[in-house]
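Structure data (mmCIF, C-alpha atoms and all ligand atoms) from coords-v4.cif:
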```cif
data_final
#
loop_
_atom_site.group_PDB
_atom_site.id
_atom_site.type_symbol
_atom_site.label_atom_id
_atom_site.label_comp_id
_atom_site.auth_asym_id
_atom_site.auth_seq_id
_atom_site.Cartn_x
_atom_site.Cartn_y
_atom_site.Cartn_z
ATOM 1 C CA MET A 1 8.684 -21.052 -27.978
ATOM 2 C CA LYS A 2 5.759 -21.207 -30.381
ATOM 3 C CA ARG A 3 7.141 -24.479 -31.749
ATOM 4 C CA LEU A 4 7.298 -25.975 -28.264
ATOM 5 C CA LEU A 5 3.728 -25.042 -27.476
ATOM 6 C CA THR A 6 2.563 -26.277 -30.851
ATOM 7 C CA LEU A 7 4.117 -29.648 -30.057
ATOM 8 C CA PHE A 8 2.584 -29.555 -26.611
ATOM 9 C CA LEU A 9 -0.812 -28.621 -27.993
ATOM 10 C CA ALA A 10 -0.508 -31.231 -30.713
ATOM 11 C CA SER A 11 -0.154 -33.914 -28.055
ATOM 12 C CA ALA A 12 -3.084 -32.343 -26.223
ATOM 13 C CA LEU A 13 -5.021 -32.568 -29.449
ATOM 14 C CA LEU A 14 -4.126 -36.210 -29.831
ATOM 15 C CA PHE A 15 -5.454 -36.834 -26.376
ATOM 16 C CA CYS A 16 -8.542 -34.784 -27.042
ATOM 17 C CA ALA A 17 -9.202 -36.498 -30.340
ATOM 18 C CA CYS A 18 -9.091 -39.879 -28.634
ATOM 19 C CA GLY A 19 -11.050 -38.852 -25.594
ATOM 20 C CA ARG A 20 -13.375 -36.351 -27.217
ATOM 21 C CA SER A 21 -16.864 -36.022 -25.913
ATOM 22 C CA ALA A 22 -16.037 -38.127 -22.878
ATOM 23 C CA GLU A 23 -19.203 -39.105 -21.058
ATOM 24 C CA ILE A 24 -19.124 -38.044 -17.423
ATOM 25 C CA PRO A 25 -19.850 -41.083 -15.276
ATOM 26 C CA GLN A 26 -23.120 -40.445 -13.501
ATOM 27 C CA THR A 27 -21.541 -41.552 -10.249
ATOM 28 C CA THR A 28 -19.178 -38.570 -10.418
ATOM 29 C CA ARG A 29 -21.480 -36.094 -8.751
ATOM 30 C CA PRO A 30 -22.389 -36.551 -5.100
ATOM 31 C CA ALA A 31 -25.796 -38.161 -4.640
ATOM 32 C CA ASN A 32 -27.329 -35.067 -3.050
ATOM 33 C CA THR A 33 -26.730 -32.862 -6.088
ATOM 34 C CA ALA A 34 -28.779 -32.630 -9.249
ATOM 35 C CA ALA A 35 -26.802 -32.996 -12.469
ATOM 36 C CA ASN A 36 -28.418 -30.042 -14.166
ATOM 37 C CA ALA A 37 -29.425 -27.939 -11.189
ATOM 38 C CA SER A 38 -27.312 -24.992 -12.262
ATOM 39 C CA ALA A 39 -28.105 -24.009 -15.802
ATOM 40 C CA GLY A 40 -25.972 -21.440 -17.632
ATOM 41 C CA ALA A 41 -26.718 -17.815 -16.871
ATOM 42 C CA GLY A 42 -29.118 -15.815 -18.957
ATOM 43 C CA GLU A 43 -27.945 -13.686 -21.847
ATOM 44 C CA ASN A 44 -27.817 -10.375 -20.024
ATOM 45 C CA ALA A 45 -27.458 -10.833 -16.346
ATOM 46 C CA ALA A 46 -26.490 -13.290 -13.703
ATOM 47 C CA GLU A 47 -29.370 -14.918 -11.925
ATOM 48 C CA ASN A 48 -29.388 -13.981 -8.304
ATOM 49 C CA ASP A 49 -30.740 -16.897 -6.303
ATOM 50 C CA ASN A 50 -28.742 -16.280 -3.159
ATOM 51 C CA ALA A 51 -29.193 -12.516 -2.777
ATOM 52 C CA ALA A 52 -32.109 -12.971 -0.402
ATOM 53 C CA ASP A 53 -29.906 -14.539 2.261
ATOM 54 C CA THR A 54 -28.271 -11.429 3.675
ATOM 55 C CA ASP A 55 -26.065 -13.334 6.156
ATOM 56 C CA SER A 56 -24.060 -15.396 3.728
ATOM 57 C CA PRO A 57 -21.600 -13.886 1.260
ATOM 58 C CA ARG A 58 -23.179 -13.405 -2.125
ATOM 59 C CA ILE A 59 -21.345 -15.493 -4.654
ATOM 60 C CA LEU A 60 -21.116 -15.337 -8.422
ATOM 61 C CA VAL A 61 -19.374 -18.039 -10.448
ATOM 62 C CA ALA A 62 -18.372 -16.552 -13.805
ATOM 63 C CA TYR A 63 -16.682 -18.717 -16.414
ATOM 64 C CA PHE A 64 -15.572 -18.823 -20.027
ATOM 65 C CA ALA A 65 -15.648 -22.105 -21.928
ATOM 66 C CA VAL A 66 -15.038 -22.308 -25.654
ATOM 67 C CA ALA A 67 -17.714 -24.988 -26.125
ATOM 68 C CA GLU A 68 -20.309 -22.240 -25.574
ATOM 69 C CA ASN A 69 -18.564 -19.813 -27.921
ATOM 70 C CA SER A 70 -17.767 -22.044 -30.832
ATOM 71 C CA GLU A 71 -18.976 -21.864 -34.395
ATOM 72 C CA VAL A 72 -19.453 -25.570 -34.885
ATOM 73 C CA ASP A 73 -21.107 -28.423 -33.099
ATOM 74 C CA ALA A 74 -19.538 -28.388 -29.637
ATOM 75 C CA VAL A 75 -19.661 -32.165 -29.504
ATOM 76 C CA SER A 76 -16.973 -32.414 -32.157
ATOM 77 C CA SER A 77 -14.725 -29.878 -30.486
ATOM 78 C CA ALA A 78 -11.623 -30.789 -28.581
ATOM 79 C CA SER A 79 -12.481 -29.868 -25.023
ATOM 80 C CA VAL A 80 -15.924 -31.112 -24.271
ATOM 81 C CA LEU A 81 -17.494 -33.346 -21.676
ATOM 82 C CA MET A 82 -20.850 -34.999 -22.183
ATOM 83 C CA GLU A 83 -23.336 -35.007 -19.360
ATOM 84 C CA ASN A 84 -26.819 -36.392 -19.855
ATOM 85 C CA GLY A 85 -26.425 -35.786 -23.583
ATOM 86 C CA THR A 86 -25.362 -32.150 -23.093
ATOM 87 C CA ALA A 87 -21.914 -31.031 -24.276
ATOM 88 C CA LYS A 88 -20.033 -28.937 -21.726
ATOM 89 C CA GLY A 89 -16.687 -27.191 -21.686
ATOM 90 C CA MET A 90 -14.305 -28.289 -18.946
ATOM 91 C CA SER A 91 -14.352 -24.856 -17.323
ATOM 92 C CA GLN A 92 -18.155 -24.839 -17.446
ATOM 93 C CA TYR A 93 -18.247 -28.205 -15.724
ATOM 94 C CA VAL A 94 -15.931 -27.052 -12.919
ATOM 95 C CA ALA A 95 -17.922 -23.802 -12.622
ATOM 96 C CA GLU A 96 -21.085 -25.828 -12.119
ATOM 97 C CA CYS A 97 -19.394 -27.884 -9.386
ATOM 98 C CA ILE A 98 -18.356 -24.702 -7.581
ATOM 99 C CA ALA A 99 -21.779 -23.058 -7.986
ATOM 100 C CA GLU A 100 -23.534 -26.108 -6.683
ATOM 101 C CA MET A 101 -21.233 -26.440 -3.665
ATOM 102 C CA THR A 102 -21.224 -22.745 -2.736
ATOM 103 C CA GLY A 103 -24.811 -21.830 -3.677
ATOM 104 C CA GLY A 104 -23.389 -19.282 -6.101
ATOM 105 C CA ASP A 105 -25.074 -17.992 -9.243
ATOM 106 C CA LEU A 106 -23.619 -18.981 -12.615
ATOM 107 C CA PHE A 107 -22.598 -16.488 -15.264
ATOM 108 C CA SER A 108 -21.348 -17.570 -18.666
ATOM 109 C CA ILE A 109 -18.930 -15.168 -20.381
ATOM 110 C CA ARG A 110 -19.954 -15.204 -24.047
ATOM 111 C CA THR A 111 -18.218 -13.598 -26.989
ATOM 112 C CA GLU A 112 -19.450 -12.149 -30.241
ATOM 113 C CA THR A 113 -16.584 -14.112 -31.804
ATOM 114 C CA LYS A 114 -17.529 -17.646 -32.737
ATOM 115 C CA TYR A 115 -14.310 -19.536 -32.205
ATOM 116 C CA PRO A 116 -13.256 -22.320 -34.582
ATOM 117 C CA GLY A 117 -14.624 -25.636 -33.378
ATOM 118 C CA SER A 118 -11.640 -27.774 -34.240
ATOM 119 C CA TYR A 119 -8.367 -27.628 -32.434
ATOM 120 C CA ASN A 120 -5.655 -26.439 -34.825
ATOM 121 C CA PRO A 121 -7.659 -23.522 -36.268
ATOM 122 C CA LEU A 122 -8.698 -22.633 -32.713
ATOM 123 C CA ALA A 123 -5.095 -22.699 -31.485
ATOM 124 C CA ASP A 124 -4.013 -20.444 -34.377
ATOM 125 C CA TYR A 125 -6.962 -18.109 -33.892
ATOM 126 C CA ALA A 126 -6.274 -17.774 -30.168
ATOM 127 C CA LYS A 127 -2.571 -17.144 -30.783
ATOM 128 C CA ARG A 128 -3.345 -14.353 -33.241
ATOM 129 C CA GLU A 129 -5.815 -12.850 -30.792
ATOM 130 C CA GLN A 130 -3.143 -12.898 -28.090
ATOM 131 C CA ASP A 131 -0.361 -11.555 -30.333
ATOM 132 C CA ASN A 132 -2.614 -8.671 -31.373
ATOM 133 C CA ASP A 133 -3.671 -8.025 -27.757
ATOM 134 C CA GLU A 134 -7.288 -8.141 -28.906
ATOM 135 C CA ARG A 135 -10.321 -7.663 -26.687
ATOM 136 C CA PRO A 136 -13.128 -9.876 -27.994
ATOM 137 C CA VAL A 137 -16.530 -8.207 -27.693
ATOM 138 C CA LEU A 138 -18.597 -9.761 -24.915
ATOM 139 C CA THR A 139 -22.304 -10.414 -25.417
ATOM 140 C CA THR A 140 -23.223 -11.253 -21.818
ATOM 141 C CA HIS A 141 -22.982 -8.711 -19.036
ATOM 142 C CA ILE A 142 -23.355 -8.734 -15.264
ATOM 143 C CA ASP A 143 -26.015 -6.112 -14.626
ATOM 144 C CA ASN A 144 -26.163 -6.689 -10.889
ATOM 145 C CA LEU A 145 -22.507 -6.801 -9.829
ATOM 146 C CA ASP A 146 -23.345 -4.881 -6.639
ATOM 147 C CA ASP A 147 -25.263 -7.947 -5.483
ATOM 148 C CA TYR A 148 -22.072 -9.981 -5.176
ATOM 149 C CA ASP A 149 -19.153 -9.982 -2.731
ATOM 150 C CA ILE A 150 -17.240 -12.965 -4.043
ATOM 151 C CA ILE A 151 -16.627 -13.700 -7.698
ATOM 152 C CA PHE A 152 -15.205 -17.057 -8.717
ATOM 153 C CA VAL A 153 -13.770 -16.667 -12.218
ATOM 154 C CA GLY A 154 -13.011 -19.727 -14.358
ATOM 155 C CA TYR A 155 -11.292 -20.194 -17.712
ATOM 156 C CA PRO A 156 -9.149 -22.575 -19.745
ATOM 157 C CA ILE A 157 -5.446 -21.746 -19.999
ATOM 158 C CA TRP A 158 -4.770 -20.575 -23.562
ATOM 159 C CA TRP A 159 -1.215 -20.119 -24.696
ATOM 160 C CA TYR A 160 0.030 -20.187 -21.095
ATOM 161 C CA THR A 161 -2.316 -17.514 -19.783
ATOM 162 C CA LEU A 162 -5.895 -16.180 -19.765
ATOM 163 C CA PRO A 163 -7.924 -16.317 -22.999
ATOM 164 C CA MET A 164 -8.281 -12.777 -24.376
ATOM 165 C CA ALA A 165 -12.017 -12.852 -23.545
ATOM 166 C CA LEU A 166 -10.968 -12.736 -19.892
ATOM 167 C CA PHE A 167 -9.021 -9.538 -20.537
ATOM 168 C CA SER A 168 -12.240 -8.096 -22.008
ATOM 169 C CA PHE A 169 -14.077 -9.292 -18.900
ATOM 170 C CA PHE A 170 -11.640 -7.653 -16.485
ATOM 171 C CA ASP A 171 -11.606 -4.472 -18.609
ATOM 172 C CA GLU A 172 -15.387 -4.276 -18.305
ATOM 173 C CA TYR A 173 -15.745 -4.562 -14.522
ATOM 174 C CA ASP A 174 -14.168 -2.894 -11.535
ATOM 175 C CA PHE A 175 -14.057 -5.477 -8.760
ATOM 176 C CA THR A 176 -12.706 -3.067 -6.136
ATOM 177 C CA GLY A 177 -13.704 -4.211 -2.643
ATOM 178 C CA LYS A 178 -14.655 -7.684 -3.849
ATOM 179 C CA THR A 179 -12.891 -11.032 -3.627
ATOM 180 C CA ILE A 180 -11.930 -12.793 -6.833
ATOM 181 C CA ILE A 181 -11.256 -16.515 -6.679
ATOM 182 C CA PRO A 182 -9.774 -17.863 -9.916
ATOM 183 C CA PHE A 183 -10.033 -21.435 -11.191
ATOM 184 C CA ASP A 184 -8.816 -22.930 -14.433
ATOM 185 C CA THR A 185 -8.603 -26.045 -16.545
ATOM 186 C CA HIS A 186 -5.476 -26.808 -18.548
ATOM 187 C CA TYR A 187 -3.387 -29.508 -20.168
ATOM 188 C CA GLY A 188 -0.190 -29.183 -18.170
ATOM 189 C CA SER A 189 0.385 -25.490 -17.507
ATOM 190 C CA GLY A 190 -1.361 -25.461 -14.137
ATOM 191 C CA ARG A 191 -2.341 -21.926 -13.122
ATOM 192 C CA GLY A 192 0.030 -20.376 -15.615
ATOM 193 C CA GLY A 193 0.524 -17.471 -13.192
ATOM 194 C CA THR A 194 -3.024 -16.298 -13.893
ATOM 195 C CA PRO A 195 -3.968 -15.263 -10.322
ATOM 196 C CA GLY A 196 -1.091 -12.758 -10.499
ATOM 197 C CA VAL A 197 -2.259 -11.503 -13.902
ATOM 198 C CA ILE A 198 -5.782 -11.016 -12.523
ATOM 199 C CA ALA A 199 -4.412 -9.199 -9.447
ATOM 200 C CA GLU A 200 -2.674 -6.749 -11.802
ATOM 201 C CA LEU A 201 -5.847 -6.246 -13.836
ATOM 202 C CA GLU A 202 -7.985 -5.736 -10.715
ATOM 203 C CA PRO A 203 -5.749 -3.938 -8.199
ATOM 204 C CA GLY A 204 -8.681 -3.010 -5.941
ATOM 205 C CA ALA A 205 -9.825 -6.605 -5.460
ATOM 206 C CA ALA A 206 -8.533 -9.296 -3.120
ATOM 207 C CA VAL A 207 -7.421 -12.080 -5.455
ATOM 208 C CA GLU A 208 -7.087 -15.582 -3.996
ATOM 209 C CA LYS A 209 -3.602 -16.888 -4.882
ATOM 210 C CA ASN A 210 -4.506 -20.465 -4.020
ATOM 211 C CA SER A 211 -6.657 -20.844 -7.106
ATOM 212 C CA PHE A 212 -8.065 -24.174 -8.291
ATOM 213 C CA ALA A 213 -6.333 -25.654 -11.341
ATOM 214 C CA VAL A 214 -7.298 -28.990 -12.823
ATOM 215 C CA ASN A 215 -5.849 -30.850 -15.772
ATOM 216 C CA GLN A 216 -8.497 -31.489 -18.429
ATOM 217 C CA THR A 217 -7.889 -35.226 -18.037
ATOM 218 C CA LYS A 218 -9.166 -35.009 -14.456
ATOM 219 C CA ALA A 219 -11.861 -32.360 -14.879
ATOM 220 C CA ALA A 220 -14.744 -34.835 -15.092
ATOM 221 C CA ASP A 221 -13.743 -36.260 -11.762
ATOM 222 C CA CYS A 222 -12.970 -33.089 -9.854
ATOM 223 C CA TRP A 223 -15.776 -33.018 -7.289
ATOM 224 C CA GLN A 224 -13.740 -34.160 -4.306
ATOM 225 C CA ASP A 225 -10.798 -31.938 -5.245
ATOM 226 C CA VAL A 226 -13.112 -28.941 -5.584
ATOM 227 C CA ALA A 227 -14.710 -29.739 -2.219
ATOM 228 C CA ASP A 228 -11.284 -30.064 -0.548
ATOM 229 C CA TRP A 229 -10.053 -26.834 -2.124
ATOM 230 C CA LEU A 230 -13.163 -24.884 -1.126
ATOM 231 C CA LYS A 231 -12.666 -26.083 2.444
ATOM 232 C CA GLU A 232 -8.987 -25.082 2.317
ATOM 233 C CA ILE A 233 -9.826 -21.524 1.273
ATOM 234 C CA GLY A 234 -12.651 -21.236 3.795
ATOM 235 C CA TYR A 235 -15.899 -22.028 1.946
HETATM 236 C C1 LIG A 301 -6.186 -22.257 -28.023
HETATM 237 C C2 LIG A 301 -5.779 -23.179 -26.928
HETATM 238 C C3 LIG A 301 -4.595 -22.948 -26.249
HETATM 239 C C4 LIG A 301 -4.237 -23.764 -25.179
HETATM 240 N N1 LIG A 301 -3.088 -23.493 -24.492
HETATM 241 C C5 LIG A 301 -2.757 -24.262 -23.425
HETATM 242 C C6 LIG A 301 -1.598 -23.957 -22.655
HETATM 243 O O1 LIG A 301 -0.847 -23.043 -22.923
HETATM 244 N N2 LIG A 301 -1.341 -24.763 -21.583
HETATM 245 C C7 LIG A 301 -2.148 -25.800 -21.234
HETATM 246 O O2 LIG A 301 -1.880 -26.460 -20.246
HETATM 247 N N3 LIG A 301 -3.278 -26.089 -21.939
HETATM 248 C C8 LIG A 301 -3.588 -25.358 -23.020
HETATM 249 N N4 LIG A 301 -4.737 -25.639 -23.727
HETATM 250 C C9 LIG A 301 -5.622 -26.727 -23.263
HETATM 251 C C10 LIG A 301 -6.840 -26.159 -22.508
HETATM 252 O O3 LIG A 301 -6.434 -25.318 -21.444
HETATM 253 C C11 LIG A 301 -7.692 -27.301 -21.928
HETATM 254 O O4 LIG A 301 -8.095 -28.133 -22.973
HETATM 255 C C12 LIG A 301 -8.912 -26.782 -21.163
HETATM 256 O O5 LIG A 301 -9.346 -27.791 -20.295
HETATM 257 C C13 LIG A 301 -10.094 -26.370 -22.056
HETATM 258 O O6 LIG A 301 -11.167 -25.923 -21.267
HETATM 259 P P1 LIG A 301 -12.623 -25.551 -21.878
HETATM 260 O O7 LIG A 301 -13.269 -26.847 -22.289
HETATM 261 O O8 LIG A 301 -13.355 -24.922 -20.752
HETATM 262 O O9 LIG A 301 -12.429 -24.642 -23.035
HETATM 263 C C14 LIG A 301 -5.071 -24.864 -24.798
HETATM 264 C C15 LIG A 301 -6.253 -25.096 -25.517
HETATM 265 C C16 LIG A 301 -6.608 -24.278 -26.558
HETATM 266 C C17 LIG A 301 -7.883 -24.545 -27.313
#
```

Would it be possible to restate this file's structure as structure tokens?
Amino acid sequence: MKRLLTLFLASALLFCACGRSAEIPQTTRPANTAANASAGAGENAAENDNAADTDSPRILVAYFAVAENSEVDAVSSASVLMENGTAKGMSQYVAECIAEMTGGDLFSIRTETKYPGSYNPLADYAKREQDNDERPVLTTHIDNLDDYDIIFVGYPIWWYTLPMALFSFFDEYDFTGKTIIPFDTHYGSGRGGTPGVIAELEPGAAVEKNSFAVNQTKAADCWQDVADWLKEIGY
């Protein structure tokens, strides 16, 4: 099994190496949205721009992207998009689309671990982390979880499932009574069964099964798909 995934990841790497640091065409975002309107969340707490509007559901868009948790220049890493000269992880980019379309606040899940910036060492590191069932220490925390009803949670698929940082994230919070809406980026594994994994980790939450999953090759161009999906699930 490991051999198969290594082959699969090797071809992903080939793709990434060729298409690394792809520049997002500036026509990708709808004209009425600002490219950098939603900056990453602060170090300690999500910013709560929509809490004042008591009628609409209060939305948080939390995401993990290795580009923000990497020990080397993110631009040289495998899964990065360039927007206006800023390197972004695929999952970060999709998170920003969702935040902008829903009016949600962004929260970046950051780890104490600085992951290797090149692909093979990263793949090995992540595999070891998974085999050892590790829980990477998180350095960002949601201090105002009570302010939110709906939590979008985004991540790349790593070794067919959630990165271990997401297990740390779900260990840290009890989302009972809230709605969790997963989204992921991947290179062929789709959802990888992750909504079900999240439902097991957060039994008190309503977890949307119809999560959004986009192949990394399409992530830069996902606006319409995100809009259609949000409509489908009622946002
Ligand atoms: C350690 C590692 C493991 C991965 N495992 C898978 C996998 O099992 N299935 C898959 O489809 N893609 C896999 N990928 C590809 C990533 O899911 C894909 O590149 C994703 O878009 C990265 O998102 P990010 O830029 O937000 O980190 C893997 C990538 C890495 C770095």

Among A:Met164, A:Glu68, A:Phe175, A:Tyr63, Asn132 of chain A is approached most closely, using only C-alpha atoms, by A:Met164

Output the neighbourhood of ligand LIG 301 (chain A) as a PyMOL selection string, that is, all protein and nucleic acid residues with some atom at most 9 Å from the ligand, counting only C-alpha atoms and all ligand atoms.
-> chain A and resi 5-6+8-9+12-13+16+63-68+77-81+88-94+118-127+154-161+163+184-192+214-217+219

Just give me the residues with any atom within 7 Å of (-22.2, -16.4, -14.4), file coordinates, counting all atoms listed in the file, written as a PDB file with C-alpha atoms, in the coordinates of the input.
```
ATOM      1  CA  ALA A  41     -26.718 -17.815 -16.871  1.00  0.00           C
ATOM      2  CA  ALA A  46     -26.490 -13.290 -13.703  1.00  0.00           C
ATOM      3  CA  LEU A  60     -21.116 -15.337  -8.422  1.00  0.00           C
ATOM      4  CA  VAL A  61     -19.374 -18.039 -10.448  1.00  0.00           C
ATOM      5  CA  ALA A  62     -18.372 -16.552 -13.805  1.00  0.00           C
ATOM      6  CA  TYR A  63     -16.682 -18.717 -16.414  1.00  0.00           C
ATOM      7  CA  ASP A 105     -25.074 -17.992  -9.243  1.00  0.00           C
ATOM      8  CA  LEU A 106     -23.619 -18.981 -12.615  1.00  0.00           C
ATOM      9  CA  PHE A 107     -22.598 -16.488 -15.264  1.00  0.00           C
ATOM     10  CA  SER A 108     -21.348 -17.570 -18.666  1.00  0.00           C
ATOM     11  CA  ILE A 109     -18.930 -15.168 -20.381  1.00  0.00           C
TER      12      ILE A 109
END
```

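Atom to atom, atom CA of Ala220 of chain A and atom CA of Cys97 of chain A stand 10.1 Å apart.
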
Centre, x/y/z edge lengths, axis-aligned box for segment 127-132 of chain A with 5 Å per side, as JSON:
```
{"center_x": -3.1, "center_y": -12.9, "center_z": -30.7, "size_x": 15.5, "size_y": 18.5, "size_z": 15.2}
```

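The gap separating atom CA of Ala227 of chain A from atom CA of Glu96 of chain A is 12.4 Å, in Å to one decimal.
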
Atom pair atom CA of Gly103 of chain A / atom CA of Thr86 of chain A: separation (Å) = 22.0 Å

Just give me the residues with any atom within 10 Å of (-19.3, -14.8, -27.9), file coordinates, counting all atoms listed in the file, written as a VMD selection string.
-> chain A and resid 64 66 68 to 71 108 to 115 136 to 140 165

Written as a PyMOL selection string, which residues does the PyMOL selection byres (((chain A and resi 196) around 12) and not hetatm) give for the file shown?
-> chain A and resi 161-162+180-182+191-195+197-203+205-211

Taking C-alpha atoms for each residue, export the selection above as a PDB file, in the coordinates of the input.
```pdb
ATOM      1  CA  THR A 161      -2.316 -17.514 -19.783  1.00  0.00           C
ATOM      2  CA  LEU A 162      -5.895 -16.180 -19.765  1.00  0.00           C
ATOM      3  CA  ILE A 180     -11.930 -12.793  -6.833  1.00  0.00           C
ATOM      4  CA  ILE A 181     -11.256 -16.515  -6.679  1.00  0.00           C
ATOM      5  CA  PRO A 182      -9.774 -17.863  -9.916  1.00  0.00           C
ATOM      6  CA  ARG A 191      -2.341 -21.926 -13.122  1.00  0.00           C
ATOM      7  CA  GLY A 192       0.030 -20.376 -15.615  1.00  0.00           C
ATOM      8  CA  GLY A 193       0.524 -17.471 -13.192  1.00  0.00           C
ATOM      9  CA  THR A 194      -3.024 -16.298 -13.893  1.00  0.00           C
ATOM     10  CA  PRO A 195      -3.968 -15.263 -10.322  1.00  0.00           C
ATOM     11  CA  VAL A 197      -2.259 -11.503 -13.902  1.00  0.00           C
ATOM     12  CA  ILE A 198      -5.782 -11.016 -12.523  1.00  0.00           C
ATOM     13  CA  ALA A 199      -4.412  -9.199  -9.447  1.00  0.00           C
ATOM     14  CA  GLU A 200      -2.674  -6.749 -11.802  1.00  0.00           C
ATOM     15  CA  LEU A 201      -5.847  -6.246 -13.836  1.00  0.00           C
ATOM     16  CA  GLU A 202      -7.985  -5.736 -10.715  1.00  0.00           C
ATOM     17  CA  PRO A 203      -5.749  -3.938  -8.199  1.00  0.00           C
ATOM     18  CA  ALA A 205      -9.825  -6.605  -5.460  1.00  0.00           C
ATOM     19  CA  ALA A 206      -8.533  -9.296  -3.120  1.00  0.00           C
ATOM     20  CA  VAL A 207      -7.421 -12.080  -5.455  1.00  0.00           C
ATOM     21  CA  GLU A 208      -7.087 -15.582  -3.996  1.00  0.00           C
ATOM     22  CA  LYS A 209      -3.602 -16.888  -4.882  1.00  0.00           C
ATOM     23  CA  ASN A 210      -4.506 -20.465  -4.020  1.00  0.00           C
ATOM     24  CA  SER A 211      -6.657 -20.844  -7.106  1.00  0.00           C
TER      25      SER A 211
END
```

So which residues touch Thr102 of chain A within 9 Å, counting all atoms listed in the file, skipping near sequence neighbours fewer than 3 positions away, as a PyMOL selection string?
-> chain A and resi 59+97-99+105+230+235
